[in-house]
$ cat final_21.csv   # CSV, C-alpha atoms and all ligand atoms
chain,number,residue,atom,x,y,z
Y,455,MET,CA,32.5,42.5,-50.4
Y,456,GLU,CA,35.0,42.1,-47.6
Y,457,ASP,CA,38.1,43.3,-49.5
Y,458,GLN,CA,36.3,46.6,-50.4
Y,459,VAL,CA,36.6,47.7,-46.8
Y,460,ASN,CA,39.5,50.0,-46.3
Y,461,ILE,CA,40.3,49.9,-42.6
Y,462,THR,CA,43.1,52.5,-42.7
Y,463,GLU,CA,40.9,55.0,-44.6
Y,464,ASN,CA,37.9,54.3,-42.3
Y,465,LEU,CA,40.0,54.8,-39.2
Y,466,SER,CA,41.5,58.1,-40.3
Y,467,ARG,CA,38.1,59.5,-41.4
Y,468,ILE,CA,36.6,58.6,-38.0
Y,469,ARG,CA,39.6,59.8,-36.0
Y,470,ALA,CA,39.3,63.2,-37.6
Y,471,THR,CA,36.0,63.6,-35.8
Y,472,ILE,CA,37.2,62.7,-32.3
Y,473,ALA,CA,38.9,65.3,-30.2
Y,474,SER,CA,40.8,64.7,-26.9
Y,475,PRO,CA,40.0,63.7,-24.3
Y,476,ALA,CA,37.6,61.4,-26.2
Y,477,ARG,CA,39.2,58.1,-27.5
Y,478,LEU,CA,38.2,55.6,-30.2
Y,479,ILE,CA,37.8,51.9,-29.4
Y,480,ALA,CA,38.0,49.8,-32.5
Y,481,VAL,CA,35.3,47.1,-31.9
Y,482,SER,CA,36.8,44.1,-33.6
Y,483,LYS,CA,34.5,41.3,-32.4
Y,484,THR,CA,34.1,38.5,-35.0
Y,485,LYS,CA,36.9,40.0,-37.1
Y,486,PRO,CA,40.1,38.0,-38.0
Y,487,VAL,CA,43.4,39.0,-36.5
Y,488,GLU,CA,44.5,40.3,-39.9
Y,489,ASP,CA,41.9,43.0,-39.7
Y,490,LEU,CA,43.0,44.0,-36.2
Y,491,LEU,CA,46.6,44.1,-37.5
Y,492,ALA,CA,45.6,46.4,-40.3
Y,493,ALA,CA,44.1,48.8,-37.8
Y,494,TYR,CA,47.2,48.4,-35.5
Y,495,ASN,CA,49.5,49.3,-38.4
Y,496,ALA,CA,47.3,52.4,-38.9
Y,497,GLY,CA,48.1,53.4,-35.3
Y,498,GLN,CA,45.1,52.0,-33.5
Y,499,ARG,CA,45.9,50.7,-30.0
Y,500,LEU,CA,42.5,50.4,-28.3
Y,501,PHE,CA,40.4,47.4,-29.3
Y,502,GLY,CA,37.0,46.2,-28.0
Y,503,GLU,CA,35.8,42.6,-27.9
Y,504,ASN,CA,32.6,41.0,-26.4
Y,505,LYS,CA,33.6,37.4,-26.0
Y,506,ALA,CA,36.2,36.4,-23.3
Y,507,LEU,CA,37.9,33.5,-25.2
Y,508,GLU,CA,38.0,35.4,-28.5
Y,509,MET,CA,39.6,38.3,-26.7
Y,510,ARG,CA,42.1,36.0,-25.0
Y,511,ASP,CA,43.1,34.4,-28.3
Y,512,LYS,CA,43.5,37.7,-30.0
Y,513,HIS,CA,45.5,39.1,-27.1
Y,514,GLU,CA,47.9,36.1,-27.5
Y,515,ALA,CA,48.2,36.6,-31.2
Y,516,LEU,CA,48.8,40.3,-31.4
Y,517,PRO,CA,51.3,43.0,-30.2
Y,518,LYS,CA,51.4,43.5,-26.4
Y,519,ASP,CA,51.0,47.3,-26.4
Y,520,ILE,CA,47.3,46.9,-27.4
Y,521,GLU,CA,44.7,48.0,-24.8
Y,522,TRP,CA,41.9,45.4,-24.6
Y,523,HIS,CA,38.5,46.7,-23.7
Y,524,PHE,CA,35.8,44.2,-22.8
Y,525,ILE,CA,32.4,45.7,-23.9
Y,526,GLY,CA,29.9,42.9,-23.9
Y,527,HIS,CA,27.9,41.0,-21.3
Y,528,LEU,CA,30.5,39.2,-19.2
Y,529,GLN,CA,29.7,35.8,-17.6
Y,530,SER,CA,31.3,35.3,-14.2
Y,531,ASN,CA,32.9,32.0,-15.2
Y,532,LYS,CA,34.8,33.7,-18.1
Y,533,VAL,CA,36.4,36.6,-16.1
Y,534,LYS,CA,39.5,34.4,-15.5
Y,535,TYR,CA,40.4,34.4,-19.2
Y,536,ILE,CA,40.7,38.1,-19.4
Y,537,ALA,CA,41.7,39.2,-15.9
Y,538,PRO,CA,45.5,39.0,-16.5
Y,539,PHE,CA,45.5,41.7,-19.3
Y,540,VAL,CA,42.1,43.5,-19.8
Y,541,ALA,CA,42.6,47.3,-19.8
Y,542,LEU,CA,38.9,48.1,-19.0
Y,543,ILE,CA,35.8,46.1,-18.4
Y,544,HIS,CA,32.9,48.3,-19.6
Y,545,SER,CA,30.1,46.0,-18.6
Y,546,ILE,CA,29.8,45.7,-14.8
Y,547,ASP,CA,26.0,45.1,-14.3
Y,548,SER,CA,25.9,43.5,-10.9
Y,549,LEU,CA,27.7,43.3,-7.5
Y,550,GLU,CA,28.1,39.6,-8.1
Y,551,LEU,CA,30.1,40.2,-11.3
Y,552,LEU,CA,32.2,42.9,-9.6
Y,553,LYS,CA,33.0,40.5,-6.8
Y,554,VAL,CA,34.3,37.9,-9.3
Y,555,VAL,CA,36.4,40.6,-11.1
Y,556,ASN,CA,37.9,41.6,-7.8
Y,557,LYS,CA,38.8,38.0,-6.9
Y,558,GLU,CA,40.4,37.5,-10.3
Y,559,GLY,CA,42.2,40.8,-10.0
Y,560,ALA,CA,43.7,39.7,-6.7
Y,561,LYS,CA,44.8,36.4,-8.2
Y,562,ASN,CA,46.6,38.3,-10.9
Y,563,ASN,CA,48.0,40.8,-8.4
Y,564,ARG,CA,46.4,43.8,-10.2
Y,565,VAL,CA,43.7,46.4,-9.9
Y,566,ILE,CA,41.2,46.0,-12.8
Y,567,PRO,CA,39.6,49.2,-14.1
Y,568,CYS,CA,35.8,48.9,-14.6
Y,569,LEU,CA,32.8,50.9,-15.7
Y,570,LEU,CA,29.3,50.5,-14.4
Y,571,GLN,CA,26.9,49.7,-17.3
Y,572,PHE,CA,23.6,51.5,-17.1
Y,573,HIS,CA,20.3,50.6,-18.9
Y,574,ILE,CA,19.5,53.9,-20.6
Y,575,ALA,CA,17.6,52.5,-23.6
Y,576,THR,CA,13.9,51.7,-23.8
Y,577,GLU,CA,14.7,48.3,-25.3
Y,578,GLU,CA,14.2,45.4,-22.9
Y,579,THR,CA,17.1,43.4,-24.3
Y,580,LYS,CA,19.9,45.7,-23.2
Y,581,PHE,CA,21.8,44.9,-20.0
Y,582,GLY,CA,22.6,47.3,-17.3
Y,583,LEU,CA,21.9,48.8,-13.9
Y,584,ASP,CA,19.5,51.5,-12.9
Y,585,LEU,CA,20.6,54.3,-10.5
Y,586,GLN,CA,19.0,52.6,-7.5
Y,587,GLU,CA,20.9,49.4,-8.2
Y,588,ALA,CA,24.1,51.3,-8.6
Y,589,ASP,CA,23.5,53.0,-5.2
Y,590,THR,CA,23.0,49.7,-3.6
Y,591,LEU,CA,26.2,48.4,-5.1
Y,592,LEU,CA,28.3,51.4,-4.2
Y,593,GLN,CA,27.0,51.5,-0.7
Y,594,SER,CA,27.6,47.8,0.0
Y,595,ASP,CA,30.2,46.6,2.4
Y,596,ASP,CA,31.3,44.1,-0.2
Y,597,TYR,CA,32.2,47.0,-2.6
Y,598,ARG,CA,33.9,49.1,0.1
Y,599,THR,CA,36.3,46.3,0.9
Y,600,MET,CA,37.3,45.5,-2.7
Y,601,ASN,CA,41.0,46.2,-3.4
Y,602,ASN,CA,41.4,44.8,-6.8
Y,603,VAL,CA,38.8,46.7,-8.9
Y,604,ARG,CA,38.6,50.4,-9.6
Y,605,ILE,CA,35.4,52.0,-11.0
Y,606,VAL,CA,36.5,54.8,-13.4
Y,607,GLY,CA,33.2,55.7,-15.0
Y,608,VAL,CA,29.9,54.6,-16.7
Y,609,MET,CA,28.8,52.9,-20.0
Y,610,GLY,CA,25.6,52.7,-21.8
Y,611,MET,CA,23.9,51.9,-25.1
Y,612,ALA,CA,21.2,54.0,-26.6
Y,613,THR,CA,18.0,52.6,-28.2
Y,614,ASN,CA,18.6,51.5,-31.8
Y,615,THR,CA,16.3,53.9,-33.5
Y,616,PRO,CA,16.5,56.6,-36.3
Y,617,ASP,CA,14.9,59.0,-33.8
Y,618,GLN,CA,18.0,61.1,-33.1
Y,619,ALA,CA,16.4,63.2,-30.4
Y,620,LYS,CA,15.6,60.1,-28.5
Y,621,VAL,CA,19.2,58.8,-28.8
Y,622,ARG,CA,20.5,62.2,-27.7
Y,623,SER,CA,18.3,62.3,-24.6
Y,624,GLU,CA,19.5,58.8,-23.6
Y,625,PHE,CA,23.1,59.8,-23.9
Y,626,ARG,CA,22.4,63.0,-22.0
Y,627,HIS,CA,20.8,60.9,-19.3
Y,628,LEU,CA,23.9,58.7,-19.0
Y,629,LYS,CA,26.1,61.8,-18.7
Y,630,GLU,CA,23.8,63.1,-15.9
Y,631,ILE,CA,24.2,59.7,-14.1
Y,632,PHE,CA,28.0,60.1,-14.5
Y,633,THR,CA,27.9,63.6,-12.9
Y,634,ASP,CA,25.6,62.5,-10.1
Y,635,LEU,CA,27.8,59.5,-9.2
Y,636,LYS,CA,30.9,61.6,-9.4
Y,637,GLU,CA,29.5,64.1,-6.9
Y,638,ARG,CA,28.1,61.5,-4.5
Y,639,TYR,CA,30.8,58.8,-4.6
Y,640,PHE,CA,33.9,59.7,-6.6
Y,641,ALA,CA,34.5,63.4,-5.8
Y,642,ASP,CA,38.0,62.6,-4.6
Y,643,GLN,CA,38.8,60.1,-7.3
Y,644,GLU,CA,40.6,61.9,-10.1
Y,645,ASP,CA,40.4,59.0,-12.5
Y,646,PHE,CA,36.6,58.7,-12.4
Y,647,THR,CA,36.4,60.3,-15.9
Y,648,GLU,CA,35.0,57.9,-18.4
Y,649,VAL,CA,31.6,58.0,-20.2
Y,650,SER,CA,31.6,55.1,-22.7
Y,651,MET,CA,28.8,55.7,-25.2
Y,652,GLY,CA,28.4,55.8,-29.0
Y,653,MET,CA,28.6,53.1,-31.7
Y,654,SER,CA,28.9,53.2,-35.5
Y,655,HIS,CA,25.5,54.7,-36.1
Y,656,ASP,CA,25.3,57.1,-33.2
Y,657,TYR,CA,28.8,58.1,-32.1
Y,658,PRO,CA,28.7,61.7,-33.5
Y,659,ILE,CA,25.8,62.4,-31.2
Y,660,ALA,CA,27.5,60.7,-28.3
Y,661,LEU,CA,30.6,62.9,-28.7
Y,662,GLU,CA,28.4,66.0,-28.6
Y,663,GLU,CA,26.9,64.7,-25.4
Y,664,GLY,CA,30.2,64.2,-23.7
Y,665,SER,CA,31.4,60.7,-24.6
Y,666,THR,CA,35.0,59.9,-23.7
Y,667,LEU,CA,35.1,56.5,-25.2
Y,668,VAL,CA,33.3,55.7,-28.5
Y,669,ARG,CA,33.0,52.0,-29.4
Y,670,VAL,CA,33.0,51.8,-33.2
Y,671,GLY,CA,33.0,48.5,-35.1
Y,672,GLN,CA,31.2,48.2,-38.4
Y,673,SER,CA,32.2,51.7,-39.6
Y,674,ILE,CA,35.8,50.6,-39.3
Y,675,PHE,CA,35.8,46.9,-40.2
Y,676,GLY,CA,32.7,46.6,-42.3
Y,677,ALA,CA,29.6,44.5,-41.6
Y,678,ARG,CA,29.9,41.6,-39.3
Y,679,ASN,CA,29.1,38.1,-40.4
Y,680,TYR,CA,27.7,36.2,-37.4
Y,681,ASN,CA,27.6,32.9,-39.3
Y,682,VAL,CA,31.4,32.5,-38.8
Y,683,PRO,CA,31.9,30.5,-35.6
Y,684,VAL,CA,33.8,32.3,-32.8
Y,685,ASN,CA,35.5,31.1,-29.7
Y,686,ASP,CA,33.2,32.3,-26.9
K,1,LIG,C1,29.3,45.5,-31.2
K,1,LIG,C2,29.3,46.6,-30.1
K,1,LIG,C3,29.6,47.9,-30.5
K,1,LIG,C4,30.0,48.3,-31.9
K,1,LIG,O1,28.9,48.3,-32.7
K,1,LIG,P1,29.0,48.8,-34.2
K,1,LIG,O2,27.7,48.9,-34.7
K,1,LIG,O3,29.8,47.7,-34.9
K,1,LIG,O4,29.8,50.1,-34.2
K,1,LIG,C5,29.6,48.9,-29.4
K,1,LIG,N1,29.3,48.5,-28.2
K,1,LIG,C6,28.9,47.3,-27.8
K,1,LIG,C7,28.6,47.0,-26.4
K,1,LIG,C8,28.9,46.3,-28.8
K,1,LIG,O5,28.5,45.1,-28.4

$ encode --input "final_21.csv" --output "structure tokens"
Amino acid sequence: MEDQVNITENLSRIRATIASPARLIAVSKTKPVEDLLAAYNAGQRLFGENKALEMRDKHEALPKDIEWHFIGHLQSNKVKYIAPFVALIHSIDSLELLKVVNKEGAKNNRVIPCLLQFHIATEETKFGLDLQEADTLLQSDDYRTMNNVRIVGVMGMATNTPDQAKVRSEFRHLKEIFTDLKERYFADQEDFTEVSMGMSHDYPIALEEGSTLVRVGQSIFGARNYNVPVND
């Protein structure tokens, strides 16, 4: 099964559908470094992982010009493993988490780019803020005094459903949230530009609705096998 996956071919097929300014993140969670290297050798430089220690280990093993994107639920006590090198944390879903990222950014003498994750799906299981929680976060004194994080956009996951109209309306909602926040909080911040949405099964719709970062895993690397133990 596994050796029938042609990573190079998959990447070039998907890249052909993505126009600037949108960018492709190759979601390599659970996949061995050989697979990431195959994508790297095909020109891919943005990779997405959802476990802090797995990402740290892969960062150590692979070329240093890779941009590492953290896309999963992030536990506060794991931020320290990725703070020195992470390019963008997509999954800020609380002020408490942002505080920890800010603290670890300071320790590493850097400003860590972050996205606010919104709950746009009807599924209960997905993480994320609602607009009111985001307002509370952005208006807090804690946030205003942070010097080592920079919020550059929003992220969300649509409901996992074959109903394409529903998926489209959820992506459209996230884009509206982005525009609203841009107007009310980030009008002067030129790098507040990112709308991270779209996965293997729904990224074409996400691109039509204004995604700037699509996070595609299985369509590049093949199906994941969750029985293989990973370093969390
Ligand atoms: C795993 C994951 C993806 C990629 O999913 P695929 O179905 O493999 O494309 C995208 N975003 C998040 C947050 C993920 O956890």

$ closest_residue --input "final_21.csv" --among "Y:Val533, Y:Leu661, Y:Ile461, Y:Val668" --to "Leu500 of chain Y" --atoms "only C-alpha atoms"
Y:Val668

$ closest_residue --input "final_21.csv" --among "Y:Lys505, Y:Arg598, Y:His573, Y:His527" --to "Tyr639 of chain Y" --atoms "only C-alpha atoms"
Y:Arg598

$ closest_residue --input "final_21.csv" --among "Y:Gln458, Y:Thr633, Y:Asn531, Y:Ser650" --to "ligand LIG 1 (chain K)" --atoms "all atoms listed in the file"
Y:Ser650

$ closest_atom_pairs --input "final_21.csv" --of "segment 585-633 of chain Y" --to "segment 538-557 of chain Y" --cutoff "12 Å" --atoms "all atoms listed in the file" --output "CSV"
residue,atom,partner,partner_atom,distance
Y:Leu585,CA,Y:Asp547,CA,11.3
Y:Gln586,CA,Y:Ser548,CA,11.9
Y:Glu587,CA,Y:Ser548,CA,8.2
Y:Ala588,CA,Y:Ser548,CA,8.3
Y:Asp589,CA,Y:Leu549,CA,10.8
Y:Thr590,CA,Y:Leu549,CA,8.8
Y:Leu591,CA,Y:Leu549,CA,5.8
Y:Leu592,CA,Y:Leu549,CA,8.8
Y:Gln593,CA,Y:Leu549,CA,10.7
Y:Ser594,CA,Y:Leu549,CA,8.7
Y:Asp595,CA,Y:Leu549,CA,10.7
Y:Asp596,CA,Y:Lys553,CA,7.7
Y:Tyr597,CA,Y:Leu549,CA,7.6
Y:Arg598,CA,Y:Lys553,CA,11.1
Y:Thr599,CA,Y:Asn556,CA,10.0
Y:Met600,CA,Y:Asn556,CA,6.4
Y:Asn601,CA,Y:Asn556,CA,7.1
Y:Asn602,CA,Y:Asn556,CA,4.8
Y:Val603,CA,Y:Asn556,CA,5.3
Y:Arg604,CA,Y:Asn556,CA,9.0
Y:Ile605,CA,Y:Ile546,CA,9.2
Y:Val606,CA,Y:Leu542,CA,9.1
Y:Gly607,CA,Y:His544,CA,8.7
Y:Val608,CA,Y:His544,CA,7.6
Y:Met609,CA,Y:His544,CA,6.2
Y:Gly610,CA,Y:Ser545,CA,8.7
Y:Met611,CA,Y:Ser545,CA,10.7

$ closest_residue --input "final_21.csv" --among "Y:Tyr535, Y:Phe524, Y:Phe572, Y:Tyr657" --to "Gln618 of chain Y" --atoms "all atoms listed in the file"
Y:Tyr657

$ residues_around --input "final_21.csv" --residues "Asn495 of chain Y" --least-positions-apart "5" --cutoff "10 Å" --atoms "only C-alpha atoms" --output "list in words"
Thr462, Asp489 and Leu490 of chain Y

$ residues_near_ligand --input "final_21.csv" --ligand "ligand LIG 1 (chain K)" --cutoff "12 Å" --atoms "all atoms listed in the file" --output "ChimeraX atom specification"
/Y:468,478-485,501-505,523-528,543-546,571-573,580-582,609-612,614,650-658,667-680

$ atom_distance --input "final_21.csv" --atom1 "atom CA of Glu624 of chain Y" --atom2 "atom CA of Ala575 of chain Y"
6.6 Å

$ closest_residue --input "final_21.csv" --among "Y:Ile574, Y:Ala493, Y:Val459, Y:Leu583" --to "His627 of chain Y" --atoms "all atoms listed in the file"
Y:Ile574

$ atom_distance --input "final_21.csv" --atom1 "atom CA of Arg626 of chain Y" --atom2 "atom CA of Arg467 of chain Y"
25.2 Å

$ atom_distance --input "final_21.csv" --atom1 "atom CA of Glu637 of chain Y" --atom2 "atom CA of Ala473 of chain Y"
25.2 Å

$ closest_residue --input "final_21.csv" --among "Y:Tyr494, Y:Lys620, Y:Ala560, Y:Ala537" --to "Thr576 of chain Y" --atoms "all atoms listed in the file"
Y:Lys620

$ residues_near_point --input "final_21.csv" --point "(32.8, 59.4, -12.4)" --cutoff "7 Å" --atoms "only C-alpha atoms" --output "number ranges by chain"
Y: 606-607, 632-633, 635-636, 640, 646-648

$ write_last_selection --input "final_21.csv" --atoms "C-alpha atoms" --output "PDB file, in the frame of the given file"
ATOM      1  CA  VAL Y 606      36.500  54.800 -13.400  1.00  0.00           C
ATOM      2  CA  GLY Y 607      33.200  55.700 -15.000  1.00  0.00           C
ATOM      3  CA  PHE Y 632      28.000  60.100 -14.500  1.00  0.00           C
ATOM      4  CA  THR Y 633      27.900  63.600 -12.900  1.00  0.00           C
ATOM      5  CA  LEU Y 635      27.800  59.500  -9.200  1.00  0.00           C
ATOM      6  CA  LYS Y 636      30.900  61.600  -9.400  1.00  0.00           C
ATOM      7  CA  PHE Y 640      33.900  59.700  -6.600  1.00  0.00           C
ATOM      8  CA  PHE Y 646      36.600  58.700 -12.400  1.00  0.00           C
ATOM      9  CA  THR Y 647      36.400  60.300 -15.900  1.00  0.00           C
ATOM     10  CA  GLU Y 648      35.000  57.900 -18.400  1.00  0.00           C
TER      11      GLU Y 648
END
